[in-house]
$ cat final-v5.txt   # compact mmCIF, C-alpha atoms
# COMPACT_ATOMS: atom_id res chain seq x y z
CA MET A 1 144.40 166.10 81.05
CA ALA A 2 142.49 162.97 82.02
CA ASP A 3 145.56 160.85 81.24
CA ASP A 4 147.70 163.05 83.49
CA ASP A 5 145.16 162.71 86.32
CA ALA A 6 145.12 158.95 85.93
CA GLU A 7 148.91 158.83 86.06
CA ASN A 8 148.96 160.97 89.20
CA ASP A 9 146.42 158.73 90.91
CA VAL A 10 148.78 155.75 90.80
CA HIS A 11 151.87 157.66 91.88
CA PRO A 12 152.99 156.14 95.22
CA ASP A 13 153.06 159.52 96.94
CA ASN A 14 149.73 160.78 95.65
CA PHE A 15 147.40 160.17 98.57
CA ALA A 16 144.21 161.55 96.99
CA ARG A 17 142.48 158.17 97.09
CA ASP A 18 143.52 157.54 100.68
CA ALA A 19 142.46 161.04 101.72
CA ALA A 20 138.99 160.53 100.24
CA LEU A 21 138.72 157.08 101.81
CA LEU A 22 139.81 158.42 105.19
CA THR A 23 137.40 161.36 105.06
CA ASP A 24 134.40 159.15 104.26
CA THR A 25 135.40 156.54 106.82
CA VAL A 26 135.88 158.95 109.71
CA ARG A 27 132.62 160.74 108.96
CA GLU A 28 130.83 157.39 109.14
CA ALA A 29 132.74 156.43 112.29
CA GLY A 30 131.88 159.75 113.90
CA ALA A 31 128.20 159.27 113.11
CA LEU A 32 128.30 155.84 114.77
CA ALA A 33 130.06 157.22 117.86
CA LEU A 34 127.54 160.07 118.07
CA SER A 35 124.60 157.65 117.80
CA LEU A 36 125.91 155.80 120.88
CA PHE A 37 126.85 158.97 122.78
CA ARG A 38 124.95 159.51 126.05
CA THR A 39 123.40 156.04 125.92
CA GLU A 40 123.85 153.17 128.35
CA LEU A 41 127.12 151.53 127.37
CA LYS A 42 129.11 148.67 128.78
CA ASN A 43 132.53 149.93 129.80
CA TRP A 44 135.56 148.55 131.56
CA THR A 45 139.16 149.39 132.43
CA LYS A 46 142.17 148.09 130.54
CA GLY A 47 145.69 148.28 131.91
CA ALA A 48 146.05 150.36 135.05
CA SER A 49 143.40 153.00 134.46
CA SER A 50 142.44 153.37 130.80
CA PRO A 51 138.67 153.27 130.21
CA VAL A 52 137.20 151.54 127.17
CA SER A 53 133.58 151.07 126.13
CA GLU A 54 131.62 149.04 123.64
CA ALA A 55 131.41 152.23 121.56
CA ASP A 56 135.23 152.32 121.24
CA ILE A 57 135.18 148.76 119.95
CA ALA A 58 132.28 149.32 117.54
CA VAL A 59 133.89 152.42 116.05
CA ASN A 60 137.27 150.66 115.79
CA ASP A 61 135.65 147.73 113.97
CA LEU A 62 133.94 150.03 111.49
CA ILE A 63 137.16 151.93 110.71
CA ALA A 64 139.11 148.69 110.35
CA ARG A 65 136.56 147.22 107.94
CA ARG A 66 136.43 150.32 105.76
CA LEU A 67 140.15 151.08 105.60
CA ARG A 68 141.62 147.59 105.56
CA SER A 69 139.29 146.28 102.86
CA VAL A 70 140.56 148.95 100.43
CA THR A 71 144.21 149.01 101.59
CA PRO A 72 145.01 145.42 102.64
CA ASP A 73 148.75 145.95 102.18
CA TYR A 74 148.95 148.85 104.64
CA GLY A 75 149.96 148.34 108.26
CA TRP A 76 147.53 148.92 111.11
CA LEU A 77 148.02 150.36 114.61
CA SER A 78 145.00 151.14 116.76
CA GLU A 79 144.42 151.73 120.45
CA GLU A 80 141.67 149.12 120.38
CA SER A 81 143.36 146.41 118.31
CA VAL A 82 146.02 143.89 119.28
CA ASP A 83 149.33 145.28 118.01
CA ASP A 84 150.42 143.41 114.91
CA GLN A 85 154.17 143.96 114.79
CA THR A 86 154.26 143.30 111.03
CA ARG A 87 153.26 147.00 110.77
CA ILE A 88 156.89 147.94 111.49
CA GLY A 89 157.98 146.60 108.11
CA LYS A 90 155.29 148.53 106.25
CA ARG A 91 155.97 151.88 104.59
CA LEU A 92 152.31 152.93 104.90
CA VAL A 93 150.40 152.45 108.15
CA TRP A 94 146.99 153.55 109.43
CA ILE A 95 147.19 154.87 113.00
CA VAL A 96 143.81 154.98 114.71
CA ASP A 97 142.17 156.18 117.90
CA PRO A 98 138.49 155.30 117.46
CA ILE A 99 137.42 157.52 120.38
CA ASP A 100 140.08 159.81 121.80
CA GLY A 101 138.81 161.14 125.11
CA THR A 102 136.82 158.09 126.23
CA ARG A 103 136.46 159.49 129.77
CA ALA A 104 134.84 162.64 128.37
CA TYR A 105 132.68 160.52 126.06
CA LEU A 106 131.41 158.36 128.92
CA ALA A 107 130.82 161.44 131.07
CA GLY A 108 128.59 162.96 128.38
CA ARG A 109 130.98 165.82 127.60
CA GLU A 110 131.61 166.93 124.03
CA ASP A 111 135.44 167.06 124.09
CA TRP A 112 136.12 163.72 122.37
CA CYS A 113 136.92 162.83 118.79
CA VAL A 114 137.77 160.19 116.22
CA SER A 115 141.43 160.52 115.23
CA VAL A 116 143.05 158.71 112.27
CA ALA A 117 146.24 159.30 110.29
CA LEU A 118 148.01 157.63 107.42
CA VAL A 119 151.73 157.48 108.19
CA ALA A 120 154.39 157.06 105.51
CA ASP A 121 158.01 156.44 106.52
CA ALA A 122 157.39 157.37 110.17
CA GLN A 123 155.60 160.69 109.38
CA PRO A 124 151.86 161.42 108.99
CA VAL A 125 150.81 162.36 105.45
CA VAL A 126 146.99 162.40 105.68
CA ALA A 127 145.03 163.12 108.86
CA VAL A 128 141.50 163.57 110.13
CA VAL A 129 140.34 164.54 113.62
CA PHE A 130 136.54 164.64 113.87
CA ALA A 131 134.66 165.87 116.95
CA PRO A 132 131.07 164.89 116.06
CA ALA A 133 129.39 166.34 119.16
CA SER A 134 130.63 169.84 118.26
CA ASP A 135 130.65 169.17 114.48
CA GLU A 136 134.33 169.99 113.99
CA PHE A 137 136.05 168.15 111.16
CA PHE A 138 139.80 168.78 110.91
CA PHE A 139 141.61 167.55 107.80
CA ALA A 140 145.22 167.84 106.65
CA GLN A 141 147.31 166.43 103.85
CA ALA A 142 151.08 166.87 103.68
CA GLY A 143 151.96 170.00 101.73
CA ARG A 144 148.32 171.04 101.28
CA GLY A 145 147.41 172.83 104.49
CA SER A 146 144.99 172.19 107.35
CA TRP A 147 141.26 172.70 107.22
CA LEU A 148 138.39 172.91 109.70
CA ASN A 149 134.98 172.24 108.17
CA GLY A 150 136.41 173.19 104.78
CA THR A 151 138.04 176.47 105.88
CA ALA A 152 141.82 176.82 106.05
CA VAL A 153 143.19 177.25 109.59
CA ARG A 154 146.46 178.64 110.90
CA ALA A 155 148.23 178.61 114.25
CA THR A 156 148.73 181.95 115.98
CA SER A 157 151.98 183.84 115.39
CA GLY A 158 154.31 185.56 117.85
CA THR A 159 156.23 184.38 120.92
CA GLY A 160 154.21 185.81 123.80
CA LEU A 161 152.76 183.59 126.53
CA ASP A 162 149.15 184.19 127.49
CA PHE A 163 148.64 181.29 129.89
CA SER A 164 144.85 181.40 129.49
CA ARG A 165 145.50 180.29 125.89
CA ILE A 166 147.79 177.40 126.82
CA ALA A 167 146.55 173.89 127.68
CA GLY A 168 148.40 171.07 129.38
CA PRO A 169 149.57 169.82 132.77
CA LYS A 170 149.91 172.87 135.03
CA PRO A 171 153.19 171.84 136.74
CA LEU A 172 154.77 171.58 133.30
CA VAL A 173 153.44 174.87 131.96
CA GLU A 174 154.39 176.67 135.18
CA ARG A 175 158.03 176.18 134.24
CA LEU A 176 157.47 178.84 131.57
CA ASN A 177 156.15 181.32 134.14
CA ARG A 178 159.10 183.59 134.86
CA SER A 179 157.04 186.03 136.94
CA GLY A 180 156.41 183.45 139.65
CA GLY A 181 152.82 184.64 140.04
CA GLU A 182 149.71 182.46 139.92
CA ILE A 183 148.70 181.45 136.40
CA SER A 184 145.35 180.31 135.07
CA LEU A 185 145.47 177.85 132.18
CA HIS A 186 142.88 177.10 129.55
CA PRO A 187 140.33 174.57 130.90
CA ARG A 188 141.28 170.95 130.40
CA ILE A 189 140.29 169.35 127.08
CA GLY A 190 139.49 165.65 127.50
CA SER A 191 140.83 164.57 124.11
CA LEU A 192 144.55 165.11 123.60
CA ALA A 193 144.13 165.09 119.81
CA LEU A 194 141.49 167.80 120.06
CA ARG A 195 143.65 169.81 122.48
CA LEU A 196 146.45 169.82 119.92
CA CYS A 197 144.09 170.70 117.05
CA ARG A 198 143.01 173.79 119.02
CA VAL A 199 146.53 175.05 118.33
CA ALA A 200 146.04 174.51 114.60
CA ASP A 201 142.81 176.54 114.48
CA GLY A 202 144.17 179.32 116.69
CA LYS A 203 141.90 178.76 119.69
CA LEU A 204 145.01 177.96 121.74
CA ASP A 205 148.48 179.46 121.43
CA ALA A 206 150.20 176.32 122.71
CA ALA A 207 149.40 172.86 124.05
CA PHE A 208 151.42 170.27 125.91
CA ALA A 209 151.19 166.50 126.19
CA GLY A 210 152.50 165.46 129.57
CA GLY A 211 154.12 162.17 128.63
CA GLN A 212 152.85 158.62 128.12
CA SER A 213 150.86 159.59 125.03
CA ARG A 214 150.78 157.03 122.24
CA ASP A 215 151.05 157.18 118.46
CA TRP A 216 147.27 157.07 118.10
CA ASP A 217 146.80 160.11 120.36
CA LEU A 218 149.22 162.19 118.32
CA ALA A 219 149.74 161.27 114.66
CA ALA A 220 146.69 162.96 113.11
CA ALA A 221 146.92 166.09 115.26
CA ASN A 222 150.64 166.35 114.53
CA LEU A 223 150.06 166.76 110.79
CA ILE A 224 147.12 169.12 111.36
CA VAL A 225 149.31 171.37 113.52
CA GLN A 226 152.25 171.17 111.13
CA GLU A 227 150.16 172.04 108.07
CA ALA A 228 148.65 175.02 109.94
CA ASN A 229 152.09 176.69 110.16
CA GLY A 230 152.74 175.16 113.56
CA SER A 231 155.28 172.78 115.02
CA MET A 232 154.78 169.82 117.31
CA THR A 233 157.82 168.07 118.76
CA ALA A 234 159.43 166.70 121.87
CA LEU A 235 160.54 169.41 124.33
CA SER A 236 164.03 168.94 122.92
CA GLY A 237 162.75 170.02 119.51
CA ASP A 238 163.26 166.51 118.12
CA ALA A 239 160.71 165.30 115.60
CA ILE A 240 158.14 162.70 116.64
CA LEU A 241 158.54 159.42 114.78
CA TYR A 242 155.63 157.03 114.32
CA ASN A 243 155.18 153.31 113.68
CA ARG A 244 158.17 152.31 115.76
CA ARG A 245 158.27 149.29 118.05
CA GLU A 246 157.79 151.61 121.03
CA VAL A 247 154.70 153.78 120.49
CA THR A 248 154.82 155.73 123.79
CA HIS A 249 156.18 159.29 123.79
CA GLY A 250 157.52 161.71 126.38
CA VAL A 251 156.55 165.34 126.98
CA LEU A 252 155.56 167.16 123.78
CA VAL A 253 154.67 170.72 122.82
CA ALA A 254 152.64 172.16 119.94
CA ALA A 255 152.46 175.84 118.97
CA GLY A 256 152.85 178.24 116.05
CA ARG A 257 156.38 178.03 114.71
CA GLU A 258 157.82 181.14 116.37
CA ARG A 259 156.23 180.43 119.74
CA HIS A 260 157.20 176.76 119.52
CA ALA A 261 160.86 177.68 118.93
CA SER A 262 160.77 180.06 121.90
CA ILE A 263 159.21 177.44 124.22
CA VAL A 264 161.73 174.78 123.17
CA GLU A 265 164.56 177.23 123.84
CA GLN A 266 163.20 177.99 127.31
CA PHE A 267 163.09 174.31 128.18
CA ARG A 268 166.62 173.82 126.84
CA ASN A 269 167.77 176.56 129.22
CA HIS A 270 165.67 175.22 132.10
CA PRO A 271 165.28 171.46 131.44
CA LEU A 272 162.89 169.21 133.30
CA PRO A 273 164.47 167.42 136.29

$ encode --input "final-v5.txt" --output "structure tokens"
Amino acid sequence: MADDDAENDVHPDNFARDAALLTDTVREAGALALSLFRTELKNWTKGASSPVSEADIAVNDLIARRLRSVTPDYGWLSEESVDDQTRIGKRLVWIVDPIDGTRAYLAGREDWCVSVALVADAQPVVAVVFAPASDEFFFAQAGRGSWLNGTAVRATSGTGLDFSRIAGPKPLVERLNRSGGEISLHPRIGSLALRLCRVADGKLDAAFAGGQSRDWDLAAANLIVQEANGSMTALSGDAILYNRREVTHGVLVAAGRERHASIVEQFRNHPLP
């Protein structure tokens, strides 16, 4: 039996080692982020309006040290690292958001997380989303289900639309409202990765990303939703592909499989302008 286990450990598609490495690394990264949470931090704006703090950089550096020292041949894509385009030629790539929801983090709110996925051939195969302030640790591995703090989770079934259990940009969600009456959505969740994971654990029935999200916002949550009997795609129903030259994505939707199919069909019949 031991020989069989040893053989499995070196199989190229057995990600047990990487899953253990990722779990330990993100727990350590989350502890670091939590230790800096609600302290005086230097912060600045990158690009047009994206906030970044010294905590983002410290957490990114920790994750990079831990993962890259053990997997030097893997590619690397992180929100807080210069994009090394050699990643595109790699079959295996770490995709990292050291603190997803930096605005929430800097505002002292709890809706932020550390989000990391291992992507193989453009699809996530191991994923962790950890919200340390609320002690929620989501884990998924391809073909092995999704887990929250060690308990299996599952997206809600059915096709109904209870708008209080849907999160995302209101103008977008309103296109599903056939009654024309006023709707009240679930309160905004600062971290997109965490918003999507709320579909996986059944706290939300559906969640939307309004466009301009990046690989690092999505990859880990995508696998967590998928392994919880959910689907997460473009509004067209097309799969999301990762580790491409262009890492920005359009409008996306995540939901349990039946509800997801119904929402995609509605948008096909009433497409965005």

$ atom_distance --input "final-v5.txt" --atom1 "CA of Ser179 (chain A)" --atom2 "CA of His270 (chain A)"
14.7 Å

$ residues_around --input "final-v5.txt" --residues "region 223-227 of chain A" --least-positions-apart "3" --cutoff "7 Å" --atoms "only C-alpha atoms" --output "list in words"
Pro124, Val125, Ala127, Phe139, Ala140, Ala142, Gly143, Gly145, Ser146, Cys197, Val199, Ala200, Ala219, Ala220, Gly230, Ser231 and Met232 of chain A

$ axis_aligned_box --input "final-v5.txt" --around "region 159-173 of chain A" --padding-each-side "3 Å" --output "AutoDock Vina command-line options"
--center_x 150.5 --center_y 177.8 --center_z 128.8 --size_x 17.4 --size_y 22.0 --size_z 21.8

$ closest_residue --input "final-v5.txt" --among "A:Pro98, A:Pro187, A:Gly47, A:Gly237" --to "Ala261 (chain A)" --atoms "all atoms listed in the file"
A:Gly237

$ closest_residue --input "final-v5.txt" --among "A:Ser115, A:Ser53, A:Asn177, A:Asn229" --to "Thr156 (chain A)" --atoms "all atoms listed in the file"
A:Asn229

$ residues_near_point --input "final-v5.txt" --point "(133.2, 164.9, 118.4)" --cutoff "12 Å" --atoms "only C-alpha atoms" --output "PyMOL selection string"
chain A and resi 26-27+29-37+98-102+104-105+108-115+128-138+190-191+193-194

$ residues_around --input "final-v5.txt" --residues "Thr86 (chain A)" --least-positions-apart "5" --cutoff "12 Å" --atoms "all atoms listed in the file" --output "ChimeraX atom specification"
/A:73-77,91-93,243-245

$ closest_residue --input "final-v5.txt" --among "A:Ile240, A:Ala107, A:Val96, A:Ala19" --to "Arg38 (chain A)" --atoms "all atoms listed in the file"
A:Ala107

$ residues_around --input "final-v5.txt" --residues "Leu161 (chain A)" --least-positions-apart "3" --cutoff "12 Å" --atoms "all atoms listed in the file" --output "PyMOL selection string"
chain A and resi 156-158+164-167+173-179+183-185+204-207+255-256+258-260+262-263+266

$ residues_around --input "final-v5.txt" --residues "Thr45 (chain A)" --least-positions-apart "5" --cutoff "12 Å" --atoms "all atoms listed in the file" --output "list of chain:residue names"
A:Ser50, A:Pro51, A:Val52, A:Ser53, A:Glu54, A:Thr102, A:Arg103

$ atom_distance --input "final-v5.txt" --atom1 "CA of Asp24 (chain A)" --atom2 "CA of Ile57 (chain A)"
18.8 Å

$ residues_around --input "final-v5.txt" --residues "Phe208 (chain A)" --least-positions-apart "6" --cutoff "8 Å" --atoms "all atoms listed in the file" --output "short mmCIF file (atom, residue, chain, number, x, y, z; two decimals) with C-alpha atoms, in the frame of the given file"
data_model
loop_
_atom_site.label_atom_id
_atom_site.label_comp_id
_atom_site.auth_asym_id
_atom_site.auth_seq_id
_atom_site.Cartn_x
_atom_site.Cartn_y
_atom_site.Cartn_z
CA ALA A 167 146.55 173.89 127.68
CA GLY A 168 148.40 171.07 129.38
CA PRO A 169 149.57 169.82 132.77
CA VAL A 173 153.44 174.87 131.96
CA LEU A 196 146.45 169.82 119.92
CA VAL A 251 156.55 165.34 126.98
CA LEU A 252 155.56 167.16 123.78
CA VAL A 253 154.67 170.72 122.82
CA ALA A 254 152.64 172.16 119.94
#

$ atom_distance --input "final-v5.txt" --atom1 "CA of His186 (chain A)" --atom2 "CA of Thr159 (chain A)"
17.5 Å

$ closest_residue --input "final-v5.txt" --among "A:Ala16, A:Leu106, A:Ile88, A:Ala117" --to "Thr39 (chain A)" --atoms "all atoms listed in the file"
A:Leu106

$ decode --input "final-v5.txt" --residues "region 146-175 of chain A" --atoms "N, CA, C and O atoms" --output "CSV table (one decimal), in the first residue's frame"
chain,number,residue,atom,x,y,z
A,146,SER,N,-16.0,20.7,-2.3
A,146,SER,CA,-15.6,22.0,-1.6
A,146,SER,C,-16.0,21.9,-0.2
A,146,SER,O,-17.0,21.2,0.2
A,147,TRP,N,-15.2,22.5,0.6
A,147,TRP,CA,-15.2,22.4,2.1
A,147,TRP,C,-15.1,23.8,2.7
A,147,TRP,O,-14.3,24.6,2.3
A,148,LEU,N,-15.9,24.0,3.8
A,148,LEU,CA,-15.7,25.2,4.6
A,148,LEU,C,-15.4,24.7,6.0
A,148,LEU,O,-16.3,24.1,6.7
A,149,ASN,N,-14.2,25.1,6.5
A,149,ASN,CA,-13.8,24.7,7.8
A,149,ASN,C,-14.0,23.2,8.1
A,149,ASN,O,-14.4,22.7,9.1
A,150,GLY,N,-13.7,22.4,7.0
A,150,GLY,CA,-13.7,21.0,7.1
A,150,GLY,C,-15.0,20.3,6.9
A,150,GLY,O,-15.1,19.1,6.9
A,151,THR,N,-16.1,21.1,6.6
A,151,THR,CA,-17.4,20.5,6.3
A,151,THR,C,-17.8,20.7,4.9
A,151,THR,O,-17.6,21.9,4.3
A,152,ALA,N,-18.3,19.7,4.2
A,152,ALA,CA,-18.6,19.8,2.8
A,152,ALA,C,-19.7,20.8,2.6
A,152,ALA,O,-20.6,20.9,3.4
A,153,VAL,N,-19.6,21.6,1.6
A,153,VAL,CA,-20.7,22.6,1.2
A,153,VAL,C,-21.2,22.4,-0.1
A,153,VAL,O,-20.6,21.7,-1.0
A,154,ARG,N,-22.4,22.9,-0.4
A,154,ARG,CA,-23.1,22.7,-1.6
A,154,ARG,C,-24.0,23.9,-2.0
A,154,ARG,O,-24.6,24.5,-1.1
A,155,ALA,N,-23.9,24.3,-3.2
A,155,ALA,CA,-24.8,25.4,-3.7
A,155,ALA,C,-26.2,25.1,-3.6
A,155,ALA,O,-26.6,23.9,-3.7
A,156,THR,N,-27.1,26.1,-3.5
A,156,THR,CA,-28.5,25.8,-3.4
A,156,THR,C,-29.1,25.3,-4.8
A,156,THR,O,-28.6,25.7,-5.8
A,157,SER,N,-30.1,24.5,-4.7
A,157,SER,CA,-30.7,24.0,-5.9
A,157,SER,C,-31.9,24.8,-6.3
A,157,SER,O,-32.3,25.8,-5.6
A,158,GLY,N,-32.5,24.4,-7.5
A,158,GLY,CA,-33.7,25.2,-7.9
A,158,GLY,C,-33.4,26.3,-8.9
A,158,GLY,O,-32.2,26.5,-9.2
A,159,THR,N,-34.4,26.9,-9.4
A,159,THR,CA,-34.2,28.0,-10.4
A,159,THR,C,-34.9,29.3,-10.0
A,159,THR,O,-34.8,30.3,-10.7
A,160,GLY,N,-35.5,29.3,-8.8
A,160,GLY,CA,-36.2,30.6,-8.4
A,160,GLY,C,-35.2,31.7,-8.1
A,160,GLY,O,-34.0,31.5,-7.9
A,161,LEU,N,-35.7,32.9,-8.1
A,161,LEU,CA,-34.9,34.1,-7.9
A,161,LEU,C,-35.4,34.9,-6.7
A,161,LEU,O,-36.4,35.6,-6.8
A,162,ASP,N,-34.8,34.7,-5.6
A,162,ASP,CA,-35.0,35.5,-4.4
A,162,ASP,C,-33.9,36.6,-4.4
A,162,ASP,O,-32.8,36.3,-4.1
A,163,PHE,N,-34.3,37.8,-4.8
A,163,PHE,CA,-33.2,38.8,-5.0
A,163,PHE,C,-32.5,39.2,-3.7
A,163,PHE,O,-31.3,39.6,-3.8
A,164,SER,N,-33.1,38.9,-2.5
A,164,SER,CA,-32.3,39.2,-1.3
A,164,SER,C,-31.2,38.2,-1.1
A,164,SER,O,-30.3,38.4,-0.2
A,165,ARG,N,-31.2,37.1,-1.9
A,165,ARG,CA,-30.1,36.1,-1.8
A,165,ARG,C,-29.2,36.1,-3.1
A,165,ARG,O,-28.6,35.1,-3.4
A,166,ILE,N,-29.2,37.3,-3.7
A,166,ILE,CA,-28.4,37.5,-4.9
A,166,ILE,C,-27.5,38.7,-4.7
A,166,ILE,O,-28.0,39.7,-4.2
A,167,ALA,N,-26.2,38.6,-5.0
A,167,ALA,CA,-25.3,39.7,-4.8
A,167,ALA,C,-24.6,40.1,-6.1
A,167,ALA,O,-24.4,39.2,-7.0
A,168,GLY,N,-24.4,41.4,-6.3
A,168,GLY,CA,-23.8,41.9,-7.5
A,168,GLY,C,-24.3,43.3,-7.9
A,168,GLY,O,-25.2,43.8,-7.2
A,169,PRO,N,-23.8,43.8,-9.0
A,169,PRO,CA,-24.2,45.2,-9.4
A,169,PRO,C,-25.7,45.2,-9.6
A,169,PRO,O,-26.3,44.4,-10.4
A,170,LYS,N,-26.4,46.1,-9.0
A,170,LYS,CA,-27.9,46.2,-9.1
A,170,LYS,C,-28.4,46.4,-10.5
A,170,LYS,O,-29.4,45.7,-10.9
A,171,PRO,N,-27.8,47.3,-11.3
A,171,PRO,CA,-28.4,47.4,-12.7
A,171,PRO,C,-28.3,46.1,-13.5
A,171,PRO,O,-29.2,45.9,-14.3
A,172,LEU,N,-27.3,45.3,-13.2
A,172,LEU,CA,-27.2,44.0,-13.9
A,172,LEU,C,-28.2,43.0,-13.4
A,172,LEU,O,-28.9,42.4,-14.2
A,173,VAL,N,-28.4,42.9,-12.1
A,173,VAL,CA,-29.3,41.9,-11.6
A,173,VAL,C,-30.7,42.3,-11.9
A,173,VAL,O,-31.6,41.5,-12.1
A,174,GLU,N,-31.0,43.6,-12.0
A,174,GLU,CA,-32.4,44.1,-12.3
A,174,GLU,C,-32.9,43.6,-13.6
A,174,GLU,O,-34.1,43.5,-13.9
A,175,ARG,N,-31.9,43.2,-14.5
A,175,ARG,CA,-32.4,42.7,-15.8
A,175,ARG,C,-33.0,41.3,-15.7
A,175,ARG,O,-33.7,40.8,-16.6
